[in-house]
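**Student:** This is structure.cif, which holds mmCIF, C-alpha atoms:
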```
data_entry
#
loop_
_atom_site.label_atom_id
_atom_site.label_comp_id
_atom_site.auth_asym_id
_atom_site.auth_seq_id
_atom_site.Cartn_x
_atom_site.Cartn_y
_atom_site.Cartn_z
CA ALA K 1 -21.80 58.00 114.83
CA GLN K 2 -24.09 58.87 117.70
CA SER K 3 -25.94 56.19 119.64
CA VAL K 4 -28.26 55.65 122.57
CA ALA K 5 -28.44 52.61 124.82
CA GLN K 6 -31.38 51.67 126.99
CA PRO K 7 -30.06 48.59 128.78
CA GLU K 8 -33.42 47.40 130.11
CA ASP K 9 -36.12 46.20 127.76
CA GLN K 10 -38.58 45.93 130.61
CA VAL K 11 -38.90 47.68 133.97
CA ASN K 12 -41.53 46.68 136.52
CA VAL K 13 -42.31 48.81 139.56
CA ALA K 14 -45.08 48.86 142.14
CA GLU K 15 -47.46 51.79 142.18
CA GLY K 16 -46.27 54.47 144.58
CA ASN K 17 -42.64 53.40 144.37
CA PRO K 18 -39.96 55.48 142.65
CA LEU K 19 -39.05 54.52 139.12
CA THR K 20 -35.90 54.86 137.05
CA VAL K 21 -35.49 54.18 133.33
CA LYS K 22 -31.86 54.14 132.28
CA CYS K 23 -30.25 55.74 129.26
CA THR K 24 -26.65 56.23 128.16
CA TYR K 25 -25.53 58.01 125.03
CA SER K 26 -22.61 58.60 122.74
CA VAL K 27 -22.30 61.73 120.60
CA SER K 28 -19.63 64.12 119.40
CA GLY K 29 -19.81 67.54 120.94
CA ASN K 30 -22.50 68.77 123.28
CA PRO K 31 -25.51 66.48 123.46
CA TYR K 32 -29.13 67.47 123.23
CA LEU K 33 -31.07 64.76 125.07
CA PHE K 34 -34.76 63.95 125.02
CA TRP K 35 -37.23 61.56 126.58
CA TYR K 36 -40.41 60.51 124.82
CA VAL K 37 -43.25 58.19 125.84
CA GLN K 38 -45.41 56.07 123.56
CA TYR K 39 -48.77 54.61 124.46
CA PRO K 40 -50.24 51.72 122.43
CA ASN K 41 -51.24 52.70 118.90
CA ARG K 42 -50.14 56.26 119.48
CA GLY K 43 -47.29 58.46 118.35
CA LEU K 44 -44.54 59.64 120.67
CA GLN K 45 -45.18 62.29 123.29
CA PHE K 46 -42.42 64.61 124.44
CA LEU K 47 -41.61 64.41 128.17
CA LEU K 48 -38.51 66.51 128.72
CA LYS K 49 -35.17 67.59 127.31
CA TYR K 50 -31.69 68.57 128.38
CA ILE K 51 -29.97 71.26 126.36
CA THR K 52 -27.66 73.02 128.80
CA GLY K 53 -27.57 74.28 132.36
CA ASP K 54 -28.95 72.51 135.41
CA ASN K 55 -28.26 68.79 135.32
CA LEU K 56 -31.70 67.97 136.78
CA VAL K 57 -34.43 68.54 134.25
CA LYS K 58 -38.12 68.53 135.15
CA GLY K 59 -40.75 67.59 132.63
CA SER K 60 -44.34 66.60 132.12
CA TYR K 61 -46.44 64.38 134.40
CA GLY K 62 -43.98 64.59 137.31
CA PHE K 63 -41.07 63.07 135.41
CA GLU K 64 -37.53 64.33 135.74
CA ALA K 65 -34.16 63.30 134.35
CA GLU K 66 -30.61 63.70 135.52
CA PHE K 67 -27.85 64.51 133.07
CA ASN K 68 -24.46 63.10 134.02
CA LYS K 69 -21.74 64.14 131.63
CA SER K 70 -18.97 61.99 133.10
CA GLN K 71 -21.10 58.86 132.88
CA THR K 72 -22.78 59.97 129.61
CA SER K 73 -26.14 59.11 131.13
CA PHE K 74 -29.57 60.67 131.14
CA HIS K 75 -31.77 58.53 133.38
CA LEU K 76 -35.51 59.20 133.63
CA LYS K 77 -37.00 59.25 137.11
CA LYS K 78 -40.26 59.74 138.93
CA PRO K 79 -40.63 59.79 142.72
CA SER K 80 -43.96 57.95 142.82
CA ALA K 81 -45.14 55.76 139.93
CA LEU K 82 -48.74 55.59 138.74
CA VAL K 83 -50.40 52.70 136.91
CA SER K 84 -51.11 55.17 134.10
CA ASP K 85 -47.35 55.64 133.62
CA SER K 86 -47.22 52.17 132.06
CA ALA K 87 -45.97 52.73 128.51
CA LEU K 88 -42.95 52.49 126.22
CA TYR K 89 -40.24 55.05 126.94
CA PHE K 90 -37.62 56.23 124.48
CA CYS K 91 -34.45 58.17 125.11
CA ALA K 92 -33.03 60.14 122.18
CA VAL K 93 -29.93 62.17 121.44
CA ARG K 94 -29.28 64.87 118.91
CA GLY K 95 -25.86 66.20 118.04
CA SER K 96 -25.02 69.12 115.81
CA GLY K 97 -23.90 69.55 112.25
CA SER K 98 -23.81 66.23 110.44
CA ALA K 99 -24.99 64.46 113.61
CA ARG K 100 -28.11 66.55 114.06
CA GLN K 101 -30.60 63.81 113.34
CA LEU K 102 -32.54 62.49 116.32
CA THR K 103 -31.26 59.03 117.28
CA PHE K 104 -33.45 56.89 119.52
CA GLY K 105 -32.71 54.12 121.95
CA SER K 106 -34.45 50.76 121.62
CA GLY K 107 -37.08 51.67 124.18
CA THR K 108 -37.96 50.45 127.67
CA GLN K 109 -41.37 49.02 128.47
CA LEU K 110 -42.42 50.33 131.88
CA THR K 111 -45.10 48.43 133.75
CA VAL K 112 -46.45 49.85 136.97
CA LEU K 113 -48.19 47.21 139.03
CA PRO K 114 -51.19 48.14 141.18
CA LYS N 1 -53.48 74.25 118.18
CA ALA N 2 -54.16 71.09 116.30
CA GLY N 3 -51.45 68.47 116.53
CA VAL N 4 -49.57 66.72 113.80
CA THR N 5 -51.94 64.81 111.55
CA GLN N 6 -51.07 61.86 109.35
CA THR N 7 -53.16 60.25 106.66
CA PRO N 8 -54.10 57.55 106.15
CA ARG N 9 -53.86 55.92 109.57
CA TYR N 10 -53.84 52.40 108.18
CA LEU N 11 -52.80 51.07 104.81
CA ILE N 12 -52.54 47.61 103.27
CA LYS N 13 -50.52 47.14 100.10
CA THR N 14 -49.00 44.24 98.21
CA ARG N 15 -45.38 43.71 97.26
CA GLY N 16 -44.25 45.75 94.30
CA GLN N 17 -46.80 48.49 94.76
CA GLN N 18 -45.98 52.02 95.76
CA VAL N 19 -47.46 54.12 98.55
CA THR N 20 -47.68 57.78 99.51
CA LEU N 21 -48.11 58.93 103.09
CA SER N 22 -49.10 62.42 104.10
CA CYS N 23 -48.24 64.58 107.09
CA SER N 24 -49.60 67.96 108.15
CA PRO N 25 -47.41 69.64 110.78
CA ILE N 26 -48.55 71.84 113.63
CA SER N 27 -49.47 75.27 112.33
CA GLY N 28 -46.37 77.45 112.17
CA HIS N 29 -43.93 74.55 112.24
CA ARG N 30 -41.59 74.52 109.28
CA SER N 31 -39.52 71.42 109.99
CA VAL N 32 -40.85 67.94 109.31
CA SER N 33 -39.08 64.65 109.98
CA TRP N 34 -40.07 61.09 109.16
CA TYR N 35 -39.28 57.91 111.08
CA GLN N 36 -39.88 54.22 110.57
CA GLN N 37 -40.76 52.14 113.62
CA THR N 38 -40.53 48.34 113.56
CA PRO N 39 -40.29 45.77 116.37
CA GLY N 40 -36.92 44.58 115.11
CA GLN N 41 -35.16 47.82 114.20
CA GLY N 42 -36.90 50.24 116.54
CA LEU N 43 -37.20 53.88 115.54
CA GLN N 44 -35.10 54.82 112.56
CA PHE N 45 -34.72 58.25 111.00
CA LEU N 46 -35.76 58.56 107.36
CA PHE N 47 -35.40 62.22 106.43
CA GLU N 48 -35.91 65.79 107.54
CA TYR N 49 -37.28 68.71 105.59
CA PHE N 50 -37.18 72.41 106.27
CA SER N 51 -38.62 75.06 103.98
CA GLU N 52 -39.14 72.53 101.18
CA THR N 53 -35.50 71.38 101.29
CA GLN N 54 -34.26 68.03 102.50
CA ARG N 55 -31.81 68.81 105.29
CA ASN N 56 -30.85 65.35 106.40
CA LYS N 57 -31.36 61.78 105.25
CA GLY N 58 -31.12 58.48 107.05
CA ASN N 59 -29.68 55.22 105.80
CA PHE N 60 -32.56 53.96 103.69
CA PRO N 61 -32.59 52.84 100.06
CA GLY N 62 -33.61 55.18 97.28
CA ARG N 63 -37.07 53.59 97.17
CA PHE N 64 -37.86 55.88 100.08
CA SER N 65 -38.35 59.48 99.11
CA GLY N 66 -40.10 62.52 100.39
CA ARG N 67 -40.94 66.11 99.76
CA GLN N 68 -42.25 69.16 101.52
CA PHE N 69 -44.63 71.72 100.13
CA SER N 70 -44.70 75.48 100.59
CA ASN N 71 -47.33 75.15 103.32
CA SER N 72 -44.94 72.81 105.22
CA ARG N 73 -47.08 69.74 104.59
CA SER N 74 -44.98 66.74 103.71
CA GLU N 75 -45.36 63.49 101.87
CA MET N 76 -43.21 60.40 101.79
CA ASN N 77 -43.27 57.81 99.06
CA VAL N 78 -42.13 54.22 99.06
CA SER N 79 -41.85 52.54 95.68
CA THR N 80 -41.61 48.84 94.90
CA LEU N 81 -42.80 47.82 98.32
CA GLU N 82 -41.16 44.90 100.10
CA LEU N 83 -42.49 42.82 102.99
CA GLY N 84 -39.88 44.42 105.25
CA ASP N 85 -41.41 47.85 104.68
CA SER N 86 -44.31 46.91 106.95
CA ALA N 87 -44.00 49.37 109.80
CA LEU N 88 -45.43 52.32 111.65
CA TYR N 89 -44.36 55.49 109.86
CA LEU N 90 -44.18 58.50 112.12
CA CYS N 91 -44.04 62.12 111.16
CA ALA N 92 -42.81 64.81 113.53
CA SER N 93 -42.73 68.58 113.29
CA SER N 94 -40.86 71.33 115.09
CA PRO N 95 -40.90 75.11 114.83
CA GLY N 96 -37.51 75.49 113.14
CA GLN N 97 -34.46 73.52 112.28
CA GLY N 98 -32.66 74.24 115.52
CA ASP N 99 -31.12 71.25 117.22
CA ARG N 100 -32.58 72.25 120.59
CA ASN N 101 -36.19 71.97 119.52
CA GLU N 102 -38.22 69.01 120.62
CA GLN N 103 -40.26 67.31 117.94
CA PHE N 104 -44.01 66.77 118.08
CA PHE N 105 -45.15 63.46 116.68
CA GLY N 106 -48.25 62.45 114.81
CA PRO N 107 -50.14 59.21 115.50
CA GLY N 108 -48.45 57.44 112.62
CA THR N 109 -49.50 55.50 109.55
CA ARG N 110 -49.52 51.73 109.97
CA LEU N 111 -48.39 50.20 106.66
CA THR N 112 -48.83 46.49 106.08
CA VAL N 113 -47.25 44.94 102.99
CA LEU N 114 -48.64 41.55 101.95
#
```
If you convert what's in this file into structure tokens, what do you get?
**Tutor:**
Amino acid sequence: AQSVAQPEDQVNVAEGNPLTVKCTYSVSGNPYLFWYVQYPNRGLQFLLKYITGDNLVKGSYGFEAEFNKSQTSFHLKKPSALVSDSALYFCAVRGSGSARQLTFGSGTQLTVLP
Amino acid sequence: KAGVTQTPRYLIKTRGQQVTLSCSPISGHRSVSWYQQTPGQGLQFLFEYFSETQRNKGNFPGRFSGRQFSNSRSEMNVSTLELGDSALYLCASSPGQGDRNEQFFGPGTRLTVL
């Protein structure tokens, strides 16, 4: 069965500093990896995805993520955090065939302090 | 393009009742998925529909069911409601059933079971 782990429930970072939200995954075959963000009382918004190719993926709002196959990780990064980045972030993995459903991590609450 | 819409946004029911939630996908999207989000269990996959056919189903009891209409709109039904069914129910759509497609989420329906 496929799974996603987000080891940190909470990440705090000062505005202007770089941020990293960690994600590791387990899936059979080639992984399709996604990051989503959720603001209070809202649905999930797509940030970026890794399907194949370049290990560094760039997405919306200045976010990027690095795919590392050997460490089965897909960490979300941003060079300079904004207070408005404060939200709940979810990593998700999708396999193929019988494992094609989207499986989410438990989420990481990011707080950017002014 | 209008986003994914879900109705109603909020719902209060009592144990034993049944409920129907509705989802209208982005125009042109033919795949619709449903998720349950709770503080304890996080985001869990319920089912996925494509062209009126259920393509995948999560690990939920038979009280949870769904369907998709020819215009791609989808409904999910929960019968004999239990307190533990209180959750945010999210609908997501994507253009096709390809594993590489990101999903676009609606704002959710907040169901409270008393």
**Student:** Give as a PyMOL selection string the set of residues within 10 Å of the point (-36.4, 65.9, 117.5), where distances use the file's coordinates and all atoms listed in the file.
**Tutor:** (chain K and resi 32-34+36+46+92-94+100-104) or (chain N and resi 31-33+48+92-94+97-105)
**Student:** Which residue out of N:Thr109, N:Ser22, N:Thr7, N:Gln41 has the minimum interatomic distance to Phe69 of chain N when all atoms listed in the file are used?
**Tutor:**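 Among the listed residues, N:Ser22 lies closest to Phe69 of chain N.
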**Student:** Closest to Gln44 of chain N among K:Gly16, K:Ser3, K:Phe74, K:Thr52, using only C-alpha atoms?
**Tutor:** K:Ser3
**Student:** Could you tell me how far atom CA of Gln68 of chain N sits from atom CA of Glu82 of chain N, in Å to one decimal place?
**Tutor:**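 Result for atom CA of Glu82 of chain N versus atom CA of Gln68 of chain N: 24.3 Å, one decimal.
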**Student:** Write out as a Markdown table a residue-level contact list of chain N versus chain K with cut-off 6 Å: for each qualifying residue the closest pair of atoms and the distance in Å to one decimal, counting only C-alpha atoms, rows sorted by chain and residue number upward.
**Tutor:**
```
| residue | atom | partner | partner_atom | distance |
| --- | --- | --- | --- | --- |
| N:Gly42 | CA | K:Ser106 | CA | 5.7 |
| N:Phe105 | CA | K:Leu44 | CA | 5.6 |
| N:Gly106 | CA | K:Gly43 | CA | 5.4 |
| N:Pro107 | CA | K:Gly43 | CA | 4.1 |
| N:Gly108 | CA | K:Gly43 | CA | 5.9 |
```
**Student:** Could the residues in this selection be saved with C-alpha atoms as a PDB file, in the coordinates of the input?
**Tutor:**
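Done, and the output landed in again.pdb:
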```
ATOM      1  CA  GLY N  42     -36.900  50.240 116.540  1.00  0.00           C
ATOM      2  CA  PHE N 105     -45.150  63.460 116.680  1.00  0.00           C
ATOM      3  CA  GLY N 106     -48.250  62.450 114.810  1.00  0.00           C
ATOM      4  CA  PRO N 107     -50.140  59.210 115.500  1.00  0.00           C
ATOM      5  CA  GLY N 108     -48.450  57.440 112.620  1.00  0.00           C
TER       6      GLY N 108
END
```
**Student:** Any chance you could resolve the PyMOL selection byres ((chain K and resi 87) around 9) against this file and give the residues as a list in words?
**Tutor:**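 The output of the PyMOL selection byres ((chain K and resi 87) around 9) on this file is Val37, Gln38, Tyr39, Pro40, Ser84, Asp85, Ser86, Leu88, Tyr89, Thr108, Gln109, Leu110, Thr111 and Val112 of chain K.
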**Student:** Go through N:Ser86, N:His29, N:Val113, N:Phe45 and flag the residue nearest Lys57 of chain N, using only C-alpha atoms for the distances.
**Tutor:**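 Closest residue, counting only C-alpha atoms: N:Phe45.
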**Student:** Suppose you want the space between atom CA of Leu11 of chain N and atom CA of Leu46 of chain N; what is it in Å?
**Tutor:**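 So the answer is 18.8 Å.
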**Student:** Could you tell me, as a list in words, exactly which residues end up selected when the PyMOL selection byres ((chain K and resi 26) around 9) is applied to this structure?
**Tutor:**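 In the shown coordinates, the PyMOL selection byres ((chain K and resi 26) around 9) covers Ala1, Gln2, Ser3, Val4, Ala5, Thr24, Tyr25, Val27, Ser28, Pro31, Thr72 and Val93 of chain K.
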**Student:** Which value, in Å to one decimal, gives the distance between atom CA of Thr5 of chain N and atom CA of Leu21 of chain N?
**Tutor:**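 So the answer is 11.0 Å.
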**Student:** In file coordinates, which residues lie within 12 Å of (-42.7, 69.9, 133.7) using only C-alpha atoms, given as a CSV table (one decimal) with C-alpha atoms, in the frame of the given file?
**Tutor:**
```
chain,number,residue,atom,x,y,z
K,46,PHE,CA,-42.4,64.6,124.4
K,47,LEU,CA,-41.6,64.4,128.2
K,48,LEU,CA,-38.5,66.5,128.7
K,49,LYS,CA,-35.2,67.6,127.3
K,56,LEU,CA,-31.7,68.0,136.8
K,57,VAL,CA,-34.4,68.5,134.2
K,58,LYS,CA,-38.1,68.5,135.2
K,59,GLY,CA,-40.8,67.6,132.6
K,60,SER,CA,-44.3,66.6,132.1
K,61,TYR,CA,-46.4,64.4,134.4
K,62,GLY,CA,-44.0,64.6,137.3
K,63,PHE,CA,-41.1,63.1,135.4
K,64,GLU,CA,-37.5,64.3,135.7
K,65,ALA,CA,-34.2,63.3,134.4
K,78,LYS,CA,-40.3,59.7,138.9
```
**Student:** Point out the residue among N:Phe47, N:Phe60, N:Tyr10, N:Trp34 with the least atom-to-atom distance to Tyr89 of chain N, counting only C-alpha atoms.
**Tutor:**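 Distance minimum relative to Tyr89 of chain N lands on N:Trp34.
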**Student:** Between K:Pro18, K:Val11, K:Gly53, K:Gln6, which has the minimum distance to Lys77 of chain K (counting all atoms listed in the file)?
**Tutor:**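 Closest to Lys77 of chain K of all the choices is K:Pro18.
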**Student:** Rank nothing, just name the residue among N:Arg67, N:Arg30, N:Lys1, N:Arg9 nearest to Leu88 of chain N, using all atoms listed in the file.
**Tutor:**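 Of N:Arg67, N:Arg30, N:Lys1, N:Arg9, the one nearest Leu88 of chain N, counting all atoms listed in the file, is N:Arg9.
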**Student:** Starting from the PyMOL selection byres ((chain N and resi 77) around 7), expand the selection into actual residues of this file and give them as a PDB file with C-alpha atoms, in the frame of the given file.
**Tutor:**
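Output file out-v3.pdb follows:
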```pdb
ATOM      1  CA  VAL N  19     -47.460  54.120  98.550  1.00  0.00           C
ATOM      2  CA  THR N  20     -47.680  57.780  99.510  1.00  0.00           C
ATOM      3  CA  LEU N  21     -48.110  58.930 103.090  1.00  0.00           C
ATOM      4  CA  PHE N  64     -37.860  55.880 100.080  1.00  0.00           C
ATOM      5  CA  SER N  65     -38.350  59.480  99.110  1.00  0.00           C
ATOM      6  CA  GLY N  66     -40.100  62.520 100.390  1.00  0.00           C
ATOM      7  CA  GLU N  75     -45.360  63.490 101.870  1.00  0.00           C
ATOM      8  CA  MET N  76     -43.210  60.400 101.790  1.00  0.00           C
ATOM      9  CA  VAL N  78     -42.130  54.220  99.060  1.00  0.00           C
ATOM     10  CA  SER N  79     -41.850  52.540  95.680  1.00  0.00           C
TER      11      SER N  79
END
```
